[in-house]
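Coordinates as given in coords19.cif (mmCIF, C-alpha atoms):
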data_upload
#
loop_
_atom_site.label_atom_id
_atom_site.label_comp_id
_atom_site.auth_asym_id
_atom_site.auth_seq_id
_atom_site.Cartn_x
_atom_site.Cartn_y
_atom_site.Cartn_z
CA MET O 24 -12.11 54.15 -50.27
CA GLU O 25 -15.85 53.90 -50.94
CA MET O 26 -18.21 53.93 -47.98
CA THR O 27 -20.21 50.72 -47.70
CA LEU O 28 -23.96 50.75 -47.36
CA GLY O 29 -23.71 49.54 -43.73
CA ASN O 30 -21.32 52.30 -42.74
CA PHE O 31 -23.47 54.87 -44.49
CA ARG O 32 -26.57 53.77 -42.61
CA ARG O 33 -24.79 53.81 -39.25
CA SER O 34 -23.45 57.30 -39.96
CA ASN O 35 -26.94 58.53 -40.75
CA ILE O 36 -28.33 57.00 -37.53
CA ILE O 37 -25.62 58.66 -35.42
CA GLU O 38 -26.10 62.03 -37.16
CA ARG O 39 -29.86 61.91 -36.58
CA LEU O 40 -29.33 60.87 -32.94
CA VAL O 41 -26.90 63.66 -32.01
CA SER O 42 -29.13 66.18 -33.69
CA LYS O 43 -31.94 65.38 -31.33
CA LYS O 44 -32.34 67.67 -28.31
CA LEU O 45 -33.45 64.74 -26.15
CA PHE O 46 -30.13 62.98 -26.73
CA TRP O 47 -28.15 65.87 -25.26
CA VAL O 48 -30.57 66.26 -22.34
CA ILE O 49 -30.05 62.60 -21.44
CA MET O 50 -26.28 62.80 -21.94
CA VAL O 51 -25.83 65.93 -19.80
CA SER O 52 -28.08 64.51 -17.09
CA PHE O 53 -25.99 61.33 -16.98
CA LEU O 54 -22.69 63.21 -16.81
CA PHE O 55 -23.91 65.26 -13.85
CA ALA O 56 -25.75 62.45 -12.08
CA TYR O 57 -22.96 59.86 -12.26
CA PRO O 58 -20.43 61.61 -9.97
CA ILE O 59 -23.20 62.61 -7.55
CA THR O 60 -24.42 59.02 -7.37
CA LYS O 61 -20.87 57.78 -6.82
CA SER O 62 -20.27 60.26 -4.01
CA ILE O 63 -23.53 59.27 -2.32
CA GLN O 64 -22.67 55.58 -2.57
CA ARG O 65 -19.12 56.09 -1.26
CA ARG O 66 -18.99 54.88 2.31
CA LEU O 67 -17.63 57.34 4.83
CA PRO O 68 -15.21 55.92 7.43
CA ALA O 69 -16.85 54.89 10.66
CA ALA O 70 -16.33 57.18 13.65
CA LEU O 71 -13.55 56.06 15.96
CA PRO O 72 -14.75 54.52 19.23
CA VAL O 73 -14.37 56.38 22.50
CA LEU O 74 -12.46 53.93 24.70
CA SER O 75 -12.01 56.00 27.86
CA THR O 76 -11.08 59.48 29.06
CA VAL O 77 -7.63 60.47 30.31
CA PRO O 78 -7.92 62.32 33.65
CA GLU O 79 -6.41 65.76 33.96
CA PHE O 80 -2.71 65.76 34.75
CA ARG O 81 0.11 68.22 35.44
CA PHE O 82 3.61 66.87 34.78
CA THR O 83 6.98 68.55 34.18
CA ASP O 84 8.40 68.82 30.68
CA GLU O 85 11.98 68.66 29.39
CA ASN O 86 12.35 72.38 29.98
CA GLY O 87 11.42 72.11 33.66
CA LYS O 88 8.03 73.73 33.06
CA THR O 89 4.58 72.49 34.00
CA PHE O 90 2.83 70.80 31.11
CA GLY O 91 -0.29 68.66 30.96
CA SER O 92 -3.85 68.17 29.82
CA HIS O 93 -4.59 71.91 29.96
CA GLU O 94 -1.92 72.67 27.34
CA LEU O 95 -3.13 69.76 25.18
CA LYS O 96 -6.79 70.81 25.23
CA GLY O 97 -8.12 71.29 21.72
CA LYS O 98 -5.38 69.20 20.10
CA ILE O 99 -5.19 65.54 19.23
CA TYR O 100 -2.08 63.94 20.66
CA ILE O 101 -0.18 60.68 20.44
CA ALA O 102 1.07 59.39 23.78
CA ASN O 103 3.92 56.93 24.16
CA PHE O 104 5.89 55.48 27.07
CA MET O 105 9.66 55.17 27.36
CA PHE O 106 12.72 55.77 29.51
CA THR O 107 16.05 57.16 28.41
CA SER O 108 18.28 54.34 29.68
CA CYS O 109 16.25 51.68 27.87
CA LYS O 110 18.42 49.62 25.52
CA THR O 111 15.83 47.18 24.19
CA SER O 112 12.44 48.33 22.89
CA CYS O 113 12.66 52.10 23.44
CA PRO O 114 15.14 52.89 20.64
CA ILE O 115 12.82 51.18 18.15
CA LEU O 116 9.80 52.95 19.60
CA LEU O 117 11.42 56.37 19.46
CA LYS O 118 12.57 55.87 15.87
CA LYS O 119 8.94 55.22 14.96
CA VAL O 120 7.84 58.31 16.85
CA GLN O 121 10.43 60.35 14.93
CA LYS O 122 8.73 59.27 11.71
CA VAL O 123 5.33 60.17 13.14
CA GLN O 124 6.67 63.63 14.01
CA HIS O 125 7.84 64.08 10.43
CA ARG O 126 4.45 63.08 9.07
CA MET O 127 2.68 65.52 11.40
CA ARG O 128 4.65 68.55 10.24
CA GLY O 129 1.64 70.01 8.39
CA VAL O 130 -0.66 70.01 11.44
CA ILE O 131 1.63 71.15 14.27
CA ASP O 132 -0.95 73.69 15.42
CA ARG O 133 -3.57 70.96 15.92
CA ALA O 134 -1.57 67.93 17.04
CA ALA O 135 1.12 66.90 19.51
CA ILE O 136 3.28 63.99 20.60
CA VAL O 137 3.83 63.31 24.29
CA SER O 138 6.49 60.90 25.59
CA PHE O 139 6.00 59.88 29.23
CA THR O 140 8.98 58.45 31.06
CA VAL O 141 8.30 55.32 33.12
CA ASP O 142 11.53 55.87 35.08
CA PRO O 143 11.01 59.31 36.62
CA GLU O 144 13.66 58.77 39.31
CA THR O 145 16.32 58.73 36.57
CA ASP O 146 14.68 60.82 33.88
CA THR O 147 14.80 64.34 35.23
CA SER O 148 13.95 67.32 33.04
CA GLU O 149 17.64 67.74 32.22
CA VAL O 150 17.95 64.10 31.11
CA LEU O 151 14.79 64.38 29.02
CA PHE O 152 16.05 67.60 27.45
CA ALA O 153 19.21 65.84 26.30
CA LYS O 154 17.15 62.96 24.88
CA ALA O 155 14.86 65.40 23.05
CA ARG O 156 17.83 67.09 21.42
CA GLU O 157 19.33 63.72 20.50
CA LEU O 158 16.07 62.78 18.75
CA LYS O 159 15.80 66.19 17.06
CA ALA O 160 12.38 66.61 18.62
CA ASN O 161 10.52 69.73 17.56
CA PRO O 162 9.45 71.31 20.88
CA THR O 163 6.38 72.75 19.19
CA VAL O 164 5.12 69.22 18.58
CA TRP O 165 6.95 66.67 20.70
CA ARG O 166 7.16 66.99 24.50
CA PHE O 167 8.81 64.76 27.11
CA LEU O 168 7.16 64.53 30.52
CA THR O 169 8.16 63.33 33.97
CA ALA O 170 6.45 63.26 37.36
CA SER O 171 6.67 61.40 40.63
CA LYS O 172 6.68 57.63 40.45
CA GLU O 173 3.23 57.47 42.03
CA ASP O 174 1.67 60.07 39.74
CA THR O 175 3.22 58.41 36.71
CA LYS O 176 1.85 55.00 37.59
CA ASN O 177 -1.59 56.37 38.43
CA LEU O 178 -1.86 58.19 35.10
CA LEU O 179 -0.48 55.41 32.92
CA VAL O 180 -2.32 52.52 34.55
CA GLY O 181 -5.50 54.31 35.58
CA GLY O 182 -5.70 56.87 32.78
CA PHE O 183 -4.08 55.47 29.66
CA LYS O 184 -4.88 51.86 30.68
CA VAL O 185 -1.35 50.63 29.94
CA PRO O 186 0.83 48.45 32.20
CA VAL O 187 3.92 49.70 34.04
CA GLY O 188 6.30 47.39 35.90
CA GLU O 189 8.89 47.96 38.57
CA LYS O 190 12.50 48.66 37.71
CA GLU O 191 14.53 45.45 37.80
CA ILE O 192 17.71 43.94 36.44
CA ALA O 193 17.38 41.80 33.31
CA ASN O 194 20.57 40.45 31.72
CA SER O 195 22.61 42.92 33.81
CA ILE O 196 20.52 45.83 32.45
CA MET O 197 18.07 47.88 34.48
CA GLU O 198 14.68 47.62 32.79
CA VAL O 199 11.15 48.85 33.41
CA ALA O 200 8.34 46.85 31.87
CA HIS O 201 6.05 49.19 29.94
CA SER O 202 3.73 49.34 26.94
CA ASN O 203 5.11 49.97 23.46
CA LYS O 204 1.70 50.98 22.18
CA LEU O 205 1.02 54.44 20.78
CA VAL O 206 -2.19 55.92 22.17
CA LEU O 207 -4.32 58.32 20.12
CA VAL O 208 -6.13 60.92 22.23
CA ASP O 209 -8.65 63.37 20.79
CA GLN O 210 -9.16 67.09 21.38
CA ASP O 211 -11.30 66.40 24.46
CA GLY O 212 -8.84 64.05 26.16
CA ARG O 213 -10.60 60.85 25.11
CA ILE O 214 -8.67 57.76 24.02
CA ARG O 215 -9.66 56.76 20.49
CA GLY O 216 -7.21 53.97 19.69
CA TYR O 217 -4.10 51.92 20.51
CA TYR O 218 -1.52 51.17 17.82
CA GLY O 219 1.50 48.91 17.43
CA LEU O 220 4.82 49.79 15.83
CA GLU O 221 4.32 47.92 12.56
CA ASP O 222 4.18 50.12 9.46
CA ARG O 223 0.59 49.08 8.79
CA SER O 224 -0.44 50.11 12.30
CA ILE O 225 1.46 53.41 12.10
CA ASN O 226 -0.25 54.19 8.80
CA GLN O 227 -3.63 53.51 10.38
CA LEU O 228 -2.70 55.78 13.28
CA MET O 229 -1.97 58.63 10.88
CA ILE O 230 -5.26 58.07 9.04
CA ASP O 231 -7.23 58.06 12.29
CA ALA O 232 -5.40 61.16 13.56
CA GLY O 233 -6.32 62.93 10.33
CA LEU O 234 -9.97 61.93 10.73
CA LEU O 235 -10.06 63.42 14.23
CA ILE O 236 -8.41 66.66 13.10
CA ASN O 237 -10.74 67.06 10.12
CA SER O 238 -13.89 66.11 12.04
CA LYS O 239 -13.21 68.84 14.58
CA LYS O 240 -12.31 71.33 11.85
CA ASN O 241 -15.60 70.70 10.01
CA SER O 242 -17.82 70.58 13.09
#
Take the structure in the file and give it back as structure tokens.
Amino acid sequence: MEMTLGNFRRSNIIERLVSKKLFWVIMVSFLFAYPITKSIQRRLPAALPVLSTVPEFRFTDENGKTFGSHELKGKIYIANFMFTSCKTSCPILLKKVQKVQHRMRGVIDRAAIVSFTVDPETDTSEVLFAKARELKANPTVWRFLTASKEDTKNLLVGGFKVPVGEKEIANSIMEVAHSNKLVLVDQDGRIRGYYGLEDRSINQLMIDAGLLINSKKNS
């Protein structure tokens, strides 16, 4: 097929252009500058707010050993509130926490999950140990804590800023009103967020937990 005059002229223009040194200088400069410009323009996530600070505490874990803020120092942790005889909201909550544990498997040296019982008179260390095994909780990551009723209420209401009710009978079942929120606490014991049990909220929790871990790692 014969080359038309128009095609021939365009070919000559392109050949002359690519032969120019200035063309390659401009092209290389653009290729390097474009990703740099994009990275500069990319907005970094805003820092999580500091909502309050959890006071120091010393509770008893599922193994009958003392465990508290001292052992959690330097780690982010996700606190939640439950009791083993709960038949309503707790099973749903703990299923969600199981999924969180699975998603945290790559950062077990920098993160933890702490389940506080709101029914310490029933939930002894032995009872919590059985619940931990039932949930296949990894003891390196997920701990179950109990304390006196007074200490529990003081920490949850005064420290974590979550409500705790008295044990009462509802529909022939003993219940304790408590929060189903998951609380994200940073490496310095400061509360950085409260999260619901919806998938969207759990996903945001994992993103925020990752931000805290990485911010400390890079600081």
On this file, the PyMOL selection byres ((chain O and resi 151) around 8) gives some set of residues; write that set as a PDB file with C-alpha atoms, in the frame of the given file.
ATOM      1  CA  ASP O  84       8.400  68.820  30.680  1.00  0.00           C
ATOM      2  CA  GLU O  85      11.980  68.660  29.390  1.00  0.00           C
ATOM      3  CA  THR O 107      16.050  57.160  28.410  1.00  0.00           C
ATOM      4  CA  ASP O 146      14.680  60.820  33.880  1.00  0.00           C
ATOM      5  CA  THR O 147      14.800  64.340  35.230  1.00  0.00           C
ATOM      6  CA  SER O 148      13.950  67.320  33.040  1.00  0.00           C
ATOM      7  CA  GLU O 149      17.640  67.740  32.220  1.00  0.00           C
ATOM      8  CA  VAL O 150      17.950  64.100  31.110  1.00  0.00           C
ATOM      9  CA  PHE O 152      16.050  67.600  27.450  1.00  0.00           C
ATOM     10  CA  ALA O 153      19.210  65.840  26.300  1.00  0.00           C
ATOM     11  CA  LYS O 154      17.150  62.960  24.880  1.00  0.00           C
ATOM     12  CA  ALA O 155      14.860  65.400  23.050  1.00  0.00           C
ATOM     13  CA  PHE O 167       8.810  64.760  27.110  1.00  0.00           C
ATOM     14  CA  LEU O 168       7.160  64.530  30.520  1.00  0.00           C
TER      15      LEU O 168
END
Please identify every residue of stretch 104-200 of chain O that has at least one atom no farther than 12 Å from an atom of stretch 221-238 of chain O, counting all atoms listed in the file, and for each give the shortest atom pair and the distance in Å to one decimal, arranged by chain then increasing number, as CSV.
residue,atom,partner,partner_atom,distance
O:Ile115,CA,O:Glu221,CA,10.7
O:Leu116,CA,O:Glu221,CA,10.2
O:Lys118,CA,O:Glu221,CA,11.9
O:Lys119,CA,O:Ile225,CA,8.2
O:Val120,CA,O:Ile225,CA,9.3
O:Gln121,CA,O:Ile225,CA,11.7
O:Lys122,CA,O:Ile225,CA,9.3
O:Val123,CA,O:Met229,CA,7.8
O:Gln124,CA,O:Met229,CA,10.5
O:His125,CA,O:Met229,CA,11.2
O:Arg126,CA,O:Met229,CA,8.0
O:Met127,CA,O:Met229,CA,8.3
O:Arg128,CA,O:Met229,CA,11.9
O:Gly129,CA,O:Gly233,CA,10.8
O:Val130,CA,O:Ile236,CA,8.6
O:Ile131,CA,O:Ile236,CA,11.1
O:Asp132,CA,O:Ile236,CA,10.5
O:Arg133,CA,O:Ile236,CA,7.1
O:Ala134,CA,O:Ile236,CA,8.0
O:Ala135,CA,O:Ala232,CA,10.5
O:Ile136,CA,O:Ala232,CA,11.5
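The coordinates place atom CA of O:Lys204 at 5.4 Å from atom CA of O:Tyr218.
The spacing separating atom CA of O:Val185 from atom CA of O:Ser75 amounts to 12.1 Å.
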TODO: Go ahead and compute the interatomic distance for atom CA of O:Lys98 and atom CA of O:Asn161, in Å to one decimal.
DONE: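 According to the coordinates, atom CA of O:Lys98 and atom CA of O:Asn161 are separated by 16.1 Å.
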Task: Using all atoms listed in the file: which of O:Phe183, O:Phe139, O:Phe82, O:Phe104 has the shortest distance to O:Ala170 - done: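 Of the candidates, the smallest distance to O:Ala170 is held by O:Phe82.
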Once 5 Å is added on each side, what centre and edge lengths in Å to one decimal does the axis-aligned box around all listed atoms of stretch 211-216 of chain O have, as AutoDock Vina command-line options?
--center_x -9.3 --center_y 60.2 --center_z 22.9 --size_x 14.1 --size_y 22.4 --size_z 16.5
Open item on the list: Report as a list in words all protein, DNA and RNA residues lying within 9 Å of O:Lys176, evaluated on all atoms listed in the file, omitting residues in the same chain fewer than 2 positions from it.
Closed with: Val141, Ser171, Lys172, Glu173, Asp174, Leu178, Leu179, Val180, Gly181, Pro186, Val187 and Gly188 of chain O
- [ ] Could you tell me which of O:Pro114, O:Gly182, O:Pro143, O:Gly216 comes closest to O:Phe80 if we count only C-alpha atoms?
- [x]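 Nearest candidate to O:Phe80 out of O:Pro114, O:Gly182, O:Pro143, O:Gly216: O:Gly182.
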Open item on the list: Using all atoms listed in the file for the distances, tell me which of O:Thr83, O:Thr169, O:Ser112, O:Thr145 is nearest to O:Asn203.
Closed with: O:Ser112
Task: Expected selection from the PyMOL selection byres ((chain O and resi 214) around 8), given as an MDAnalysis selection string - done: chainID O and resid 73:77 183 206:209 212:213 215:216
Got a minute to add N, CA and C atoms to stretch 86-110 of chain O and dump it as a short mmCIF file (atom, residue, chain, number, x, y, z; two decimals), in the frame of the given file?
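Saved file selection.cif follows:
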data_model
loop_
_atom_site.label_atom_id
_atom_site.label_comp_id
_atom_site.auth_asym_id
_atom_site.auth_seq_id
_atom_site.Cartn_x
_atom_site.Cartn_y
_atom_site.Cartn_z
N ASN O 86 11.82 71.05 29.69
CA ASN O 86 12.35 72.38 29.98
C ASN O 86 12.16 72.77 31.44
N GLY O 87 11.65 71.82 32.25
CA GLY O 87 11.42 72.11 33.66
C GLY O 87 10.15 72.88 33.92
N LYS O 88 9.27 72.98 32.91
CA LYS O 88 8.03 73.73 33.06
C LYS O 88 6.85 72.78 33.19
N THR O 89 5.79 73.29 33.83
CA THR O 89 4.58 72.49 34.00
C THR O 89 3.89 72.32 32.65
N PHE O 90 3.49 71.08 32.38
CA PHE O 90 2.83 70.80 31.11
C PHE O 90 1.87 69.63 31.34
N GLY O 91 0.67 69.74 30.77
CA GLY O 91 -0.29 68.66 30.96
C GLY O 91 -1.52 68.77 30.11
N SER O 92 -2.61 68.24 30.61
CA SER O 92 -3.85 68.17 29.82
C SER O 92 -4.38 69.55 29.45
N HIS O 93 -4.12 70.56 30.28
CA HIS O 93 -4.59 71.91 29.96
C HIS O 93 -3.94 72.42 28.67
N GLU O 94 -2.63 72.21 28.53
CA GLU O 94 -1.92 72.67 27.34
C GLU O 94 -2.29 71.86 26.10
N LEU O 95 -2.78 70.64 26.30
CA LEU O 95 -3.13 69.76 25.18
C LEU O 95 -4.59 69.91 24.75
N LYS O 96 -5.37 70.64 25.53
CA LYS O 96 -6.79 70.81 25.23
C LYS O 96 -6.98 71.41 23.84
N GLY O 97 -7.85 70.80 23.06
CA GLY O 97 -8.12 71.29 21.72
C GLY O 97 -7.23 70.69 20.65
N LYS O 98 -6.26 69.88 21.06
CA LYS O 98 -5.38 69.20 20.10
C LYS O 98 -5.55 67.69 20.21
N ILE O 99 -5.35 66.98 19.11
CA ILE O 99 -5.19 65.54 19.23
C ILE O 99 -3.73 65.30 19.62
N TYR O 100 -3.48 64.24 20.36
CA TYR O 100 -2.08 63.94 20.66
C TYR O 100 -1.85 62.43 20.69
N ILE O 101 -0.61 62.08 20.45
CA ILE O 101 -0.18 60.68 20.44
C ILE O 101 0.74 60.48 21.63
N ALA O 102 0.29 59.67 22.58
CA ALA O 102 1.07 59.39 23.78
C ALA O 102 1.88 58.12 23.60
N ASN O 103 3.09 58.12 24.17
CA ASN O 103 3.92 56.93 24.16
C ASN O 103 4.72 56.89 25.45
N PHE O 104 5.29 55.73 25.75
CA PHE O 104 5.89 55.48 27.07
C PHE O 104 7.28 54.91 26.89
N MET O 105 8.26 55.51 27.58
CA MET O 105 9.66 55.17 27.36
C MET O 105 10.49 55.52 28.57
N PHE O 106 11.77 55.21 28.55
CA PHE O 106 12.72 55.77 29.51
C PHE O 106 14.09 55.83 28.84
N THR O 107 14.85 56.82 29.19
CA THR O 107 16.05 57.16 28.41
C THR O 107 17.15 56.11 28.47
N SER O 108 17.21 55.34 29.56
CA SER O 108 18.28 54.34 29.68
C SER O 108 17.89 52.99 29.06
N CYS O 109 16.73 52.92 28.49
CA CYS O 109 16.25 51.68 27.87
C CYS O 109 17.11 51.32 26.67
N LYS O 110 17.56 50.07 26.61
CA LYS O 110 18.42 49.62 25.52
C LYS O 110 17.73 48.59 24.62
#
